[in-house]
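So this block is target.cif, mmCIF, C-alpha atoms and all ligand atoms:
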data_query
loop_
_atom_site.label_atom_id
_atom_site.label_comp_id
_atom_site.auth_asym_id
_atom_site.auth_seq_id
_atom_site.Cartn_x
_atom_site.Cartn_y
_atom_site.Cartn_z
CA MET X 267 0.00 0.00 0.00
CA ILE X 268 0.93 3.63 -0.33
CA PHE X 269 -0.26 6.36 2.03
CA VAL X 270 -1.38 9.63 0.41
CA THR X 271 -2.17 12.86 2.27
CA GLY X 272 -4.45 15.48 0.72
CA GLY X 273 -5.82 12.98 -1.81
CA ALA X 274 -9.22 14.71 -2.03
CA GLY X 275 -7.69 17.97 -3.29
CA PHE X 276 -6.92 18.94 -6.87
CA ILE X 277 -3.58 17.24 -7.50
CA GLY X 278 -3.99 14.56 -4.82
CA SER X 279 -7.26 13.26 -6.27
CA ASN X 280 -5.81 13.21 -9.80
CA PHE X 281 -2.83 11.30 -8.40
CA VAL X 282 -4.99 8.71 -6.61
CA LEU X 283 -7.21 8.19 -9.67
CA ASP X 284 -4.19 7.82 -11.97
CA TRP X 285 -2.37 5.56 -9.49
CA LEU X 286 -5.26 3.10 -9.25
CA ALA X 287 -5.74 3.19 -13.02
CA GLU X 288 -2.08 2.21 -13.48
CA SER X 289 -1.54 -0.29 -10.67
CA ASP X 290 -3.31 -2.58 -8.24
CA GLU X 291 -1.37 -1.34 -5.25
CA GLY X 292 -3.85 0.12 -2.75
CA VAL X 293 -4.01 3.68 -1.43
CA VAL X 294 -4.80 4.93 2.06
CA ASN X 295 -5.96 8.50 1.57
CA LEU X 296 -5.85 10.84 4.58
CA ASP X 297 -7.53 14.20 3.96
CA ALA X 298 -9.06 16.72 6.37
CA LEU X 299 -11.66 17.77 3.77
CA THR X 300 -11.06 21.49 4.17
CA TYR X 301 -12.87 23.80 1.72
CA ALA X 302 -10.40 22.50 -0.94
CA GLY X 303 -11.03 18.79 -0.35
CA ASN X 304 -13.91 17.23 -2.23
CA LEU X 305 -15.02 13.60 -2.10
CA ARG X 306 -16.82 14.06 -5.41
CA ASN X 307 -13.35 14.05 -7.01
CA LEU X 308 -13.05 10.41 -5.92
CA GLU X 309 -16.56 9.27 -6.88
CA ALA X 310 -15.18 6.96 -9.58
CA LEU X 311 -13.59 4.89 -6.78
CA ALA X 312 -16.84 4.19 -4.92
CA GLY X 313 -16.82 0.53 -3.86
CA ASP X 314 -13.19 0.06 -4.92
CA LYS X 315 -11.56 -1.87 -2.08
CA ARG X 316 -8.09 -0.69 -3.09
CA HIS X 317 -8.93 2.83 -1.89
CA VAL X 318 -9.31 3.52 1.84
CA PHE X 319 -10.40 7.08 2.57
CA VAL X 320 -9.91 8.52 6.05
CA GLN X 321 -11.06 12.01 7.01
CA GLY X 322 -8.48 13.47 9.36
CA ASP X 323 -5.67 15.90 10.00
CA ILE X 324 -2.02 15.21 9.19
CA ALA X 325 -1.19 16.95 12.48
CA ASP X 326 -3.22 14.36 14.46
CA ARG X 327 -0.32 12.22 15.66
CA MET X 328 -2.43 9.49 17.23
CA LEU X 329 -4.49 9.06 14.09
CA VAL X 330 -1.45 9.00 11.76
CA ASP X 331 0.43 6.57 14.07
CA ARG X 332 -2.56 4.25 14.07
CA LEU X 333 -3.05 4.39 10.28
CA LEU X 334 0.61 3.69 9.57
CA ALA X 335 0.68 0.75 12.00
CA GLU X 336 -2.52 -0.65 10.55
CA HIS X 337 -1.78 -0.30 6.83
CA GLN X 338 2.04 -0.67 6.79
CA PRO X 339 2.59 1.52 3.70
CA ARG X 340 5.81 1.22 1.71
CA ALA X 341 5.64 4.92 0.82
CA ILE X 342 4.00 8.19 1.80
CA VAL X 343 3.15 10.81 -0.81
CA HIS X 344 2.48 14.08 0.98
CA PHE X 345 0.19 16.52 -0.87
CA ALA X 346 -1.86 17.91 2.03
CA ALA X 347 -1.39 21.65 2.34
CA GLU X 348 -3.06 25.00 2.26
CA SER X 349 -2.29 25.95 -1.32
CA HIS X 350 -3.72 29.32 -2.36
CA VAL X 351 -1.45 32.38 -2.27
CA ASP X 352 -4.32 34.90 -1.97
CA ARG X 353 -5.78 33.03 1.02
CA SER X 354 -2.33 33.01 2.62
CA ILE X 355 -2.27 36.81 2.34
CA HIS X 356 -5.68 37.12 4.03
CA GLY X 357 -4.99 34.48 6.70
CA PRO X 358 -1.45 33.08 7.03
CA ALA X 359 -2.01 31.19 10.31
CA GLU X 360 -3.63 28.14 8.71
CA PHE X 361 -0.67 27.89 6.31
CA ILE X 362 1.80 27.70 9.17
CA ARG X 363 -0.39 25.19 10.99
CA THR X 364 -0.90 22.75 8.13
CA ASN X 365 2.14 23.25 5.93
CA VAL X 366 4.76 23.65 8.66
CA GLN X 367 3.38 22.08 11.85
CA GLY X 368 1.39 19.48 9.93
CA THR X 369 4.42 18.40 7.91
CA PHE X 370 6.48 18.29 11.10
CA ALA X 371 3.92 16.04 12.80
CA LEU X 372 3.73 13.80 9.75
CA LEU X 373 7.53 13.52 9.58
CA GLU X 374 7.69 12.55 13.25
CA ALA X 375 4.97 9.93 12.84
CA THR X 376 6.76 8.62 9.76
CA ARG X 377 10.09 8.49 11.56
CA GLY X 378 8.57 6.44 14.38
CA TYR X 379 6.95 4.02 11.93
CA TRP X 380 9.97 3.75 9.64
CA SER X 381 12.50 3.21 12.48
CA ALA X 382 10.55 0.18 13.64
CA LEU X 383 10.43 -1.46 10.20
CA SER X 384 12.65 -4.42 9.55
CA GLU X 385 15.13 -4.56 6.71
CA PRO X 386 14.52 -4.61 3.73
CA GLU X 387 11.32 -2.55 4.33
CA ARG X 388 13.34 0.23 5.92
CA SER X 389 15.56 0.76 2.90
CA ARG X 390 12.67 0.31 0.48
CA PHE X 391 10.52 2.93 2.25
CA ARG X 392 10.10 6.44 0.76
CA PHE X 393 8.61 9.71 2.01
CA HIS X 394 7.77 11.84 -1.04
CA HIS X 395 7.17 15.51 -0.28
CA VAL X 396 5.20 17.39 -2.95
CA SER X 397 6.28 21.01 -3.15
CA THR X 398 6.24 24.02 -5.39
CA ASP X 399 8.54 26.17 -7.53
CA GLU X 400 7.29 29.20 -5.56
CA VAL X 401 9.88 28.47 -2.83
CA TYR X 402 12.55 29.81 -5.23
CA GLY X 403 10.98 33.28 -5.40
CA SER X 404 10.58 35.43 -8.49
CA LEU X 405 12.65 35.54 -11.71
CA ALA X 406 13.43 38.62 -13.79
CA PRO X 407 12.69 38.39 -17.53
CA GLY X 408 15.51 36.49 -19.26
CA GLU X 409 16.94 35.05 -16.04
CA PRO X 410 17.63 31.29 -16.29
CA ALA X 411 14.84 28.98 -15.08
CA PHE X 412 14.93 27.49 -11.55
CA THR X 413 17.27 24.53 -11.14
CA GLU X 414 17.27 22.37 -8.00
CA THR X 415 20.18 24.39 -6.59
CA HIS X 416 18.49 27.78 -6.95
CA PRO X 417 18.48 29.63 -3.59
CA TYR X 418 15.25 29.60 -1.60
CA GLU X 419 13.68 33.09 -1.69
CA PRO X 420 9.97 32.66 -0.85
CA ASN X 421 7.90 35.84 -0.99
CA SER X 422 4.37 34.93 0.11
CA PRO X 423 3.13 33.34 3.34
CA TYR X 424 2.20 30.31 1.20
CA SER X 425 5.63 29.91 -0.38
CA ALA X 426 7.39 30.62 2.92
CA SER X 427 5.38 27.88 4.62
CA LYS X 428 6.16 25.43 1.79
CA ALA X 429 9.85 26.40 1.94
CA ALA X 430 9.83 25.70 5.67
CA SER X 431 8.28 22.28 5.04
CA ASP X 432 10.92 21.50 2.39
CA HIS X 433 13.64 22.34 4.92
CA LEU X 434 12.08 20.06 7.54
CA VAL X 435 11.94 17.19 5.05
CA ARG X 436 15.58 17.75 4.11
CA ALA X 437 16.65 17.85 7.77
CA TRP X 438 14.77 14.63 8.62
CA HIS X 439 16.80 12.92 5.93
CA HIS X 440 20.11 14.48 6.87
CA THR X 441 19.72 13.99 10.61
CA TYR X 442 17.65 10.84 10.98
CA GLY X 443 18.31 9.13 7.67
CA LEU X 444 14.61 9.12 6.68
CA PRO X 445 14.52 8.14 2.97
CA VAL X 446 12.89 11.26 1.53
CA LEU X 447 12.29 12.60 -1.96
CA THR X 448 11.14 16.13 -2.75
CA SER X 449 9.64 17.42 -5.98
CA ASN X 450 9.11 21.12 -6.71
CA CYS X 451 6.54 21.63 -9.42
CA SER X 452 5.27 24.57 -11.42
CA ASN X 453 1.61 25.68 -11.73
CA ASN X 454 -0.74 22.81 -12.48
CA TYR X 455 -4.07 22.91 -14.32
CA GLY X 456 -6.63 20.26 -15.28
CA PRO X 457 -9.75 18.47 -13.99
CA TYR X 458 -10.94 18.98 -10.39
CA HIS X 459 -9.06 22.28 -10.04
CA PHE X 460 -10.83 24.41 -7.43
CA PRO X 461 -12.13 27.62 -9.09
CA GLU X 462 -10.25 29.99 -6.79
CA LYS X 463 -7.12 29.48 -8.95
CA LEU X 464 -6.58 31.34 -12.22
CA ILE X 465 -7.57 28.85 -14.93
CA PRO X 466 -10.70 27.28 -13.41
CA LEU X 467 -11.83 30.67 -12.11
CA MET X 468 -11.65 32.12 -15.62
CA ILE X 469 -13.57 29.18 -17.10
CA VAL X 470 -16.29 29.26 -14.46
CA ASN X 471 -16.69 33.05 -14.53
CA ALA X 472 -16.70 33.21 -18.33
CA LEU X 473 -19.42 30.55 -18.50
CA ALA X 474 -21.49 32.59 -16.04
CA GLY X 475 -20.91 35.86 -17.97
CA LYS X 476 -19.04 37.30 -14.97
CA PRO X 477 -15.93 39.55 -15.06
CA LEU X 478 -12.55 37.84 -15.55
CA PRO X 479 -10.35 39.53 -12.91
CA VAL X 480 -6.75 39.90 -14.11
CA TYR X 481 -4.40 41.11 -11.38
CA GLY X 482 -2.32 44.16 -12.32
CA ASP X 483 -1.04 44.23 -15.91
CA GLY X 484 -1.50 40.47 -16.42
CA GLN X 485 2.11 40.11 -17.56
CA GLN X 486 3.14 37.80 -14.71
CA VAL X 487 4.57 34.58 -16.10
CA ARG X 488 3.94 31.05 -14.83
CA ASP X 489 5.17 27.70 -16.20
CA TRP X 490 2.00 25.63 -16.70
CA LEU X 491 1.90 21.84 -16.41
CA TYR X 492 -1.08 19.57 -17.04
CA VAL X 493 -1.91 17.80 -13.77
CA GLY X 494 -1.65 14.31 -15.28
CA ASP X 495 1.95 15.09 -16.21
CA HIS X 496 2.68 16.17 -12.64
CA CYS X 497 1.25 12.86 -11.41
CA SER X 498 3.43 10.85 -13.81
CA GLY X 499 6.44 12.93 -12.70
CA ILE X 500 5.77 12.08 -9.05
CA ARG X 501 5.44 8.39 -9.92
CA ALA X 502 8.77 8.55 -11.77
CA VAL X 503 10.51 10.19 -8.79
CA LEU X 504 8.94 7.77 -6.32
CA GLU X 505 10.06 4.81 -8.39
CA GLY X 506 13.56 5.85 -9.40
CA GLY X 507 14.51 9.09 -7.64
CA ARG X 508 17.69 9.13 -5.59
CA VAL X 509 17.01 9.32 -1.86
CA GLY X 510 17.54 12.80 -0.38
CA GLU X 511 17.38 14.45 -3.82
CA THR X 512 15.09 17.18 -5.10
CA TYR X 513 13.54 17.06 -8.58
CA ASN X 514 12.01 20.05 -10.33
CA ILE X 515 8.94 19.24 -12.43
CA GLY X 516 7.73 21.70 -15.05
CA GLY X 517 5.99 22.01 -18.37
CA TRP X 518 8.55 23.97 -20.44
CA ASN X 519 5.61 26.22 -20.89
CA GLU X 520 6.00 29.83 -19.82
CA LEU X 521 2.97 32.00 -20.46
CA ALA X 522 1.79 35.39 -19.22
CA ASN X 523 -1.49 35.37 -17.29
CA ILE X 524 -3.22 37.54 -19.88
CA GLU X 525 -2.32 35.02 -22.61
CA ILE X 526 -3.81 32.24 -20.50
CA VAL X 527 -7.04 34.17 -20.02
CA ARG X 528 -7.27 34.97 -23.73
CA THR X 529 -6.70 31.31 -24.63
CA VAL X 530 -9.51 30.23 -22.31
CA CYS X 531 -11.78 32.86 -23.89
CA THR X 532 -10.96 31.72 -27.44
CA LEU X 533 -11.63 28.09 -26.57
CA LEU X 534 -14.94 28.96 -24.97
CA ASP X 535 -15.89 31.06 -28.01
CA GLU X 536 -15.40 27.89 -30.07
CA LEU X 537 -16.90 25.30 -27.69
CA ARG X 538 -19.63 27.33 -25.97
CA PRO X 539 -20.22 30.56 -27.92
CA ASP X 540 -21.87 33.37 -25.97
CA PRO X 541 -24.67 35.18 -27.86
CA ASP X 542 -23.62 38.42 -26.11
CA GLY X 543 -20.20 38.38 -27.85
CA PRO X 544 -16.64 37.11 -27.46
CA HIS X 545 -15.71 36.10 -23.89
CA GLU X 546 -12.70 38.49 -23.96
CA ARG X 547 -15.11 41.35 -23.37
CA LEU X 548 -15.33 40.10 -19.77
CA ILE X 549 -11.60 40.67 -19.03
CA THR X 550 -11.26 43.22 -16.22
CA HIS X 551 -7.93 44.43 -14.82
CA VAL X 552 -8.13 44.65 -11.03
CA ALA X 553 -5.74 45.65 -8.23
CA ASP X 554 -2.58 43.55 -8.12
CA ARG X 555 -1.76 40.91 -5.51
CA PRO X 556 0.57 42.30 -2.81
CA GLY X 557 4.12 40.98 -3.28
CA HIS X 558 3.08 39.37 -6.57
CA ASP X 559 5.91 37.21 -7.99
CA ARG X 560 6.61 38.31 -11.55
CA ARG X 561 7.88 35.12 -13.12
CA TYR X 562 8.36 31.41 -12.36
CA ALA X 563 10.08 29.01 -14.74
CA ILE X 564 11.30 25.46 -14.15
CA ASP X 565 14.42 23.88 -15.56
CA ALA X 566 13.23 20.26 -15.70
CA ARG X 567 16.39 18.74 -17.17
CA LYS X 568 17.39 16.77 -14.07
CA ILE X 569 14.22 14.65 -13.96
CA GLU X 570 14.51 14.07 -17.71
CA ARG X 571 18.19 13.11 -17.53
CA GLU X 572 17.92 10.84 -14.49
CA LEU X 573 14.42 9.41 -14.83
CA GLY X 574 13.49 9.93 -18.48
CA TRP X 575 10.42 12.00 -17.59
CA ARG X 576 9.01 14.66 -19.90
CA PRO X 577 5.51 16.17 -20.00
CA ARG X 578 3.20 14.52 -22.53
CA GLU X 579 0.69 17.35 -22.96
CA THR X 580 1.40 20.60 -24.74
CA PHE X 581 -0.41 23.64 -23.37
CA ALA X 582 -2.71 23.57 -26.41
CA SER X 583 -3.76 19.96 -25.81
CA GLY X 584 -3.95 20.26 -22.02
CA ILE X 585 -6.01 23.45 -21.90
CA ARG X 586 -8.47 22.08 -24.46
CA LYS X 587 -8.96 18.93 -22.36
CA THR X 588 -9.39 21.09 -19.28
CA VAL X 589 -11.99 23.44 -20.75
CA ARG X 590 -13.90 20.44 -22.11
CA TRP X 591 -13.79 18.79 -18.68
CA TYR X 592 -15.43 21.84 -17.06
CA LEU X 593 -18.06 21.96 -19.81
CA ASP X 594 -18.79 18.27 -19.28
CA HIS X 595 -19.04 18.52 -15.46
CA PRO X 596 -21.56 21.26 -14.66
CA ASP X 597 -22.72 19.35 -11.54
CA TRP X 598 -19.20 19.29 -10.07
CA VAL X 599 -18.89 23.02 -10.76
CA ALA X 600 -22.30 23.85 -9.25
CA ASP X 601 -21.42 21.81 -6.18
CA VAL X 602 -18.17 23.65 -5.43
CA LEU X 603 -19.66 27.11 -5.91
CA SER X 604 -21.21 26.81 -2.45
CA GLY X 605 -21.69 29.32 0.37
CA SER X 606 -18.08 29.32 1.57
CA TYR X 607 -16.87 29.82 -2.01
CA ARG X 608 -19.09 32.88 -2.44
CA GLU X 609 -17.77 34.28 0.82
CA TRP X 610 -14.18 33.92 -0.44
CA MET X 611 -15.01 35.58 -3.77
CA GLN X 612 -16.50 38.51 -1.91
CA ARG X 613 -13.48 38.80 0.42
CA ASN X 614 -10.82 38.55 -2.29
CA TYR X 615 -12.40 40.55 -5.11
CA ALA X 616 -14.84 43.07 -3.65
CA GLU X 617 -12.13 45.50 -2.60
CA ARG X 618 -9.97 45.24 -5.72
CA ARG X 619 -10.52 48.42 -7.71
CA ALA X 620 -10.34 48.29 -11.47
P1 LIG S 701 -5.55 21.72 -2.84
O1 LIG S 701 -5.69 22.94 -2.01
O2 LIG S 701 -6.45 21.52 -4.02
O3 LIG S 701 -5.71 20.42 -1.94
C1 LIG S 701 -5.14 20.30 -0.66
C2 LIG S 701 -5.80 19.11 0.02
O4 LIG S 701 -5.18 18.96 1.31
C3 LIG S 701 -7.29 19.27 0.24
O5 LIG S 701 -7.97 18.09 -0.12
C4 LIG S 701 -7.41 19.53 1.75
O6 LIG S 701 -8.62 19.05 2.31
C5 LIG S 701 -6.20 18.75 2.27
N1 LIG S 701 -5.72 19.26 3.56
C6 LIG S 701 -5.51 20.57 3.90
N2 LIG S 701 -5.08 20.64 5.18
C7 LIG S 701 -5.02 19.35 5.65
C8 LIG S 701 -4.64 18.78 6.88
N3 LIG S 701 -4.23 19.55 7.92
N4 LIG S 701 -4.66 17.43 7.02
C9 LIG S 701 -5.08 16.66 5.97
N5 LIG S 701 -5.46 17.15 4.79
C10 LIG S 701 -5.44 18.49 4.62
O7 LIG S 701 -4.02 21.70 -3.28
P2 LIG S 701 -3.36 21.15 -4.62
O8 LIG S 701 -3.36 22.22 -5.63
O9 LIG S 701 -3.93 19.82 -4.94
O10 LIG S 701 -1.85 20.99 -4.12
C11 LIG S 701 -1.39 19.77 -3.54
C12 LIG S 701 0.07 19.91 -3.16
O11 LIG S 701 0.83 20.24 -4.32
C13 LIG S 701 0.33 21.03 -2.15
O12 LIG S 701 1.30 20.59 -1.25
C14 LIG S 701 0.85 22.18 -3.01
O13 LIG S 701 1.74 23.00 -2.27
C15 LIG S 701 1.58 21.42 -4.10
N6 LIG S 701 1.68 22.10 -5.40
C16 LIG S 701 0.57 22.60 -6.01
C17 LIG S 701 0.67 23.21 -7.26
C18 LIG S 701 -0.54 23.75 -7.99
O14 LIG S 701 -0.38 24.35 -9.06
N7 LIG S 701 -1.76 23.54 -7.50
C19 LIG S 701 1.93 23.31 -7.88
C20 LIG S 701 3.04 22.77 -7.22
C21 LIG S 701 2.90 22.17 -6.00
P1 LIG S 702 -2.95 31.17 -9.03
O1 LIG S 702 -3.76 30.27 -9.88
O2 LIG S 702 -3.54 31.67 -7.75
O3 LIG S 702 -1.55 30.42 -8.78
P2 LIG S 702 -0.17 31.00 -8.12
O4 LIG S 702 -0.43 32.30 -7.45
O5 LIG S 702 0.16 29.91 -7.16
O6 LIG S 702 0.79 31.12 -9.27
O7 LIG S 702 -2.54 32.43 -9.89
C1 LIG S 702 -1.83 32.29 -11.11
C2 LIG S 702 -1.52 33.66 -11.63
O8 LIG S 702 -2.75 34.31 -11.98
C3 LIG S 702 -0.88 34.55 -10.58
O9 LIG S 702 0.10 35.38 -11.23
C4 LIG S 702 -2.01 35.41 -10.06
C5 LIG S 702 -2.94 35.53 -11.27
N1 LIG S 702 -4.39 35.65 -10.95
C6 LIG S 702 -5.13 36.67 -11.54
O10 LIG S 702 -4.62 37.49 -12.32
N2 LIG S 702 -6.46 36.75 -11.24
C7 LIG S 702 -7.06 35.91 -10.38
O11 LIG S 702 -8.29 36.05 -10.12
C8 LIG S 702 -6.29 34.85 -9.80
C9 LIG S 702 -6.91 33.85 -8.85
C10 LIG S 702 -4.95 34.75 -10.12
#

Written as structure tokens, that's how I'd like the structure from this file.
Amino acid sequence: MIFVTGGAGFIGSNFVLDWLAESDEGVVNLDALTYAGNLRNLEALAGDKRHVFVQGDIADRMLVDRLLAEHQPRAIVHFAAESHVDRSIHGPAEFIRTNVQGTFALLEATRGYWSALSEPERSRFRFHHVSTDEVYGSLAPGEPAFTETHPYEPNSPYSASKAASDHLVRAWHHTYGLPVLTSNCSNNYGPYHFPEKLIPLMIVNALAGKPLPVYGDGQQVRDWLYVGDHCSGIRAVLEGGRVGETYNIGGWNELANIEIVRTVCTLLDELRPDPDGPHERLITHVADRPGHDRRYAIDARKIERELGWRPRETFASGIRKTVRWYLDHPDWVADVLSGSYREWMQRNYAERRA
């Protein structure tokens, strides 16, 4: 078995679905079901005995100790986190609690479990920490993309909390010998993406004829990766990555936010034309995010060289699949646009002046 944390969130649920489509090895899935966790993402696994879902907190030591003892996983893949930069600006405390203290508690539980394993289980065991390129800070135009040795320069409460968790994971390897792997990935997009993040927000708002809020000048650059490619990258690292190493995962796909929004609009014009006119008319420039990182870009040569991994989707193929997925899943969309979502939209956007 493998033990996954945060497997009801965006990337975690894609990972669990892909994992069980590719192998018969079971998954224990521990997720607190915060606003970002959604059991509907895992509906396709209903009745599948290979998937054991447990609602709970990674910081609950007794619960994690019990689950590890009971299921004896050969690996942990740690996705659980608070993940939205704008929420971290409004309320950083939860980011420190889950991303830093939660990861610490999980590492300690893992260390206890792993130390008691017999050989060869001990050497076979892996703790895979899923992290972000945002820990490296912001790049100037033309600066080389982030390699694994780029200095850590986090700028938001979110990225600082993820950087702290990366450091804990590194130290647990260096000090206690825990067999860890870390991957730092660029911005993901795809099915089950919660519509507080750029791409799903633009799709959902455009379909509803609502404004498409672009922060500042919209020239901030991100390196976009289709979520299925991130999942295959994690599997490659888990299988063949060298213990204690970090692997950057990215899409070789740098695009400015405004280009992303225009692409979504063009696709919707084709797939779901709006009688009131092209969707681009809904683009609205709003106040910028404080401390907004200008550019992220991943140098993904190490994972390609060592593990033969490359993304399969281009941005054109991945974004088309994604827009289609949202068009084909209106019930999922309606379900997530609940009361707490509306409250967040009000809090984050009401005070941004055009
Ligand atoms: P998400 O916000 O969609 O999902 C996070 C999941 O973690 C949710 O299901 C939530 O219920 C769960 N969770 C939160 N706190 C928990 C706790 N204390 N105990 C147990 N479960 C808890 O996030 P995501 O976009 O799927 O990101 C997953 C991981 O990948 C995160 O660690 C994130 O930092 C990292 N990452 C994300 C991206 C991206 O573009 N989304 C890119 C690189 C790395
Ligand atoms: P986001 O999806 O929140 O990911 P991250 O901040 O982790 O990169 O945002 C992606 C980019 O889109 C980021 O530069 C901020 C910008 N953005 C907007 O312009 N408008 C929005 O409404 C949102 C949510 C993001």

List as JSON, numbers by chain: which residues have an atom within 12 Å of (-18.5, 38.5, -9.2), counting all atoms listed in the file? {"X": [467, 468, 470, 471, 472, 474, 475, 476, 477, 478, 479, 548, 550, 603, 607, 608, 609, 610, 611, 612, 613, 614, 615, 616, 617, 618]}

Fewer than 2 positions away in the same chain doesn't count, so skip those; otherwise give me all residues within 6 Å of segment 517-532 of chain X, counting only C-alpha atoms, as JSON, numbers by chain. {"X": [484, 485, 486, 487, 488, 489, 490, 491, 534, 535, 545, 546]}

Could you make a table, as a tab-separated table, of the residues of segment 273-354 of chain X that have an atom within 8 Å of an atom of segment 418-441 of chain X, each with its nearest atom pair and distance in Å to one decimal, counting all atoms listed in the file, in chain and number order?
residue	atom	partner	partner_atom	distance
X:Glu348	CA	X:Tyr424	CA	7.5
X:Ser349	CA	X:Tyr424	CA	6.7
X:His350	CA	X:Tyr424	CA	7.0
X:Val351	CA	X:Tyr424	CA	5.4
X:Ser354	CA	X:Tyr424	CA	5.5

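Taking all atoms listed in the file into account, Ile585 of chain X lies nearest to X:Ile469 out of the set X:Tyr301, X:Asp352, X:Glu387, X:Ile469.
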
Between atom CA of Lys463 of chain X and atom C5 of ligand LIG 702 (chain S), what is the spacing in Å? 7.7 Å

Around all the atoms of segment 315-324 of chain X listed in the file, draw an axis-aligned box and extend it by 5 Å on each of the six sides; I want its centre and edge lengths in Å to one decimal, as JSON.
{"center_x": -6.8, "center_y": 7.0, "center_z": 3.5, "size_x": 19.5, "size_y": 27.8, "size_z": 23.1}

I need the residue nearest Glu511 of chain X from this list: X:Leu447, X:Val270, X:Val282, X:Ile355. Use all atoms listed in the file for the distance. X:Leu447

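Non-sequential neighbours of Gly494 of chain X (distance at most 8 Å, separation of 2 or more positions within a chain, all atoms listed in the file) are Asn280, Phe281, Asp284, Gly456, Tyr492, His496, Cys497 and Ser498 of chain X.
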
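Note that the spacing between atom CA of Leu593 of chain X and atom C3 of ligand LIG 702 (chain S) amounts to 23.2 Å.
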
How many Å lie between atom CA of Arg508 of chain X and atom C8 of ligand LIG 701 (chain S), rounded to one decimal? 27.3 Å

Protein and nucleic acid residues near (7.7, 14.1, 14.2) (cut-off 12 Å, only C-alpha atoms) as a PDB file with C-alpha atoms, keeping the file's coordinate frame:
ATOM      1  CA  ILE X 324      -2.020  15.210   9.190  1.00  0.00           C
ATOM      2  CA  ALA X 325      -1.190  16.950  12.480  1.00  0.00           C
ATOM      3  CA  ASP X 326      -3.220  14.360  14.460  1.00  0.00           C
ATOM      4  CA  ARG X 327      -0.320  12.220  15.660  1.00  0.00           C
ATOM      5  CA  MET X 328      -2.430   9.490  17.230  1.00  0.00           C
ATOM      6  CA  VAL X 330      -1.450   9.000  11.760  1.00  0.00           C
ATOM      7  CA  ASP X 331       0.430   6.570  14.070  1.00  0.00           C
ATOM      8  CA  VAL X 366       4.760  23.650   8.660  1.00  0.00           C
ATOM      9  CA  GLN X 367       3.380  22.080  11.850  1.00  0.00           C
ATOM     10  CA  GLY X 368       1.390  19.480   9.930  1.00  0.00           C
ATOM     11  CA  THR X 369       4.420  18.400   7.910  1.00  0.00           C
ATOM     12  CA  PHE X 370       6.480  18.290  11.100  1.00  0.00           C
ATOM     13  CA  ALA X 371       3.920  16.040  12.800  1.00  0.00           C
ATOM     14  CA  LEU X 372       3.730  13.800   9.750  1.00  0.00           C
ATOM     15  CA  LEU X 373       7.530  13.520   9.580  1.00  0.00           C
ATOM     16  CA  GLU X 374       7.690  12.550  13.250  1.00  0.00           C
ATOM     17  CA  ALA X 375       4.970   9.930  12.840  1.00  0.00           C
ATOM     18  CA  THR X 376       6.760   8.620   9.760  1.00  0.00           C
ATOM     19  CA  ARG X 377      10.090   8.490  11.560  1.00  0.00           C
ATOM     20  CA  GLY X 378       8.570   6.440  14.380  1.00  0.00           C
ATOM     21  CA  TYR X 379       6.950   4.020  11.930  1.00  0.00           C
ATOM     22  CA  TRP X 380       9.970   3.750   9.640  1.00  0.00           C
ATOM     23  CA  LEU X 434      12.080  20.060   7.540  1.00  0.00           C
ATOM     24  CA  VAL X 435      11.940  17.190   5.050  1.00  0.00           C
ATOM     25  CA  ALA X 437      16.650  17.850   7.770  1.00  0.00           C
ATOM     26  CA  TRP X 438      14.770  14.630   8.620  1.00  0.00           C
ATOM     27  CA  TYR X 442      17.650  10.840  10.980  1.00  0.00           C
ATOM     28  CA  LEU X 444      14.610   9.120   6.680  1.00  0.00           C
TER      29      LEU X 444
END

Selection within 8 Å of ligand LIG 701 (chain S) by only C-alpha atoms and all ligand atoms, output as a PyMOL selection string: chain X and resi 271-279+296-304+321-325+344-350+363-365+368+395-400+428+450-455+459-460

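Using all atoms listed in the file, the residues found no farther than 8 Å from Glu414 of chain X, other than those of its own chain fewer than 4 positions away, are Thr512, Tyr513 and Asn514 of chain X.
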
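With all atoms listed in the file as the basis for measurement, X:Val552 is the residue among X:Val589, X:Val446, X:Val552, X:Leu504 that approaches Asp483 of chain X most closely.
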
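For the choices X:Leu533, X:Leu464, X:Ile564, X:Ile500, the atom-to-atom distance to ligand LIG 702 (chain S) is smallest for X:Leu464 when using only C-alpha atoms and all ligand atoms.
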
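Comparing X:Leu308, X:Leu329, X:Ala600, X:Leu334 by their smallest distance to Val294 of chain X, the closest is X:Leu334 (using all atoms listed in the file).
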
From the list X:Val318, X:Ala582, X:Val401, X:Leu311, which residue is nearest ligand LIG 702 (chain S) when using only C-alpha atoms and all ligand atoms? X:Val401
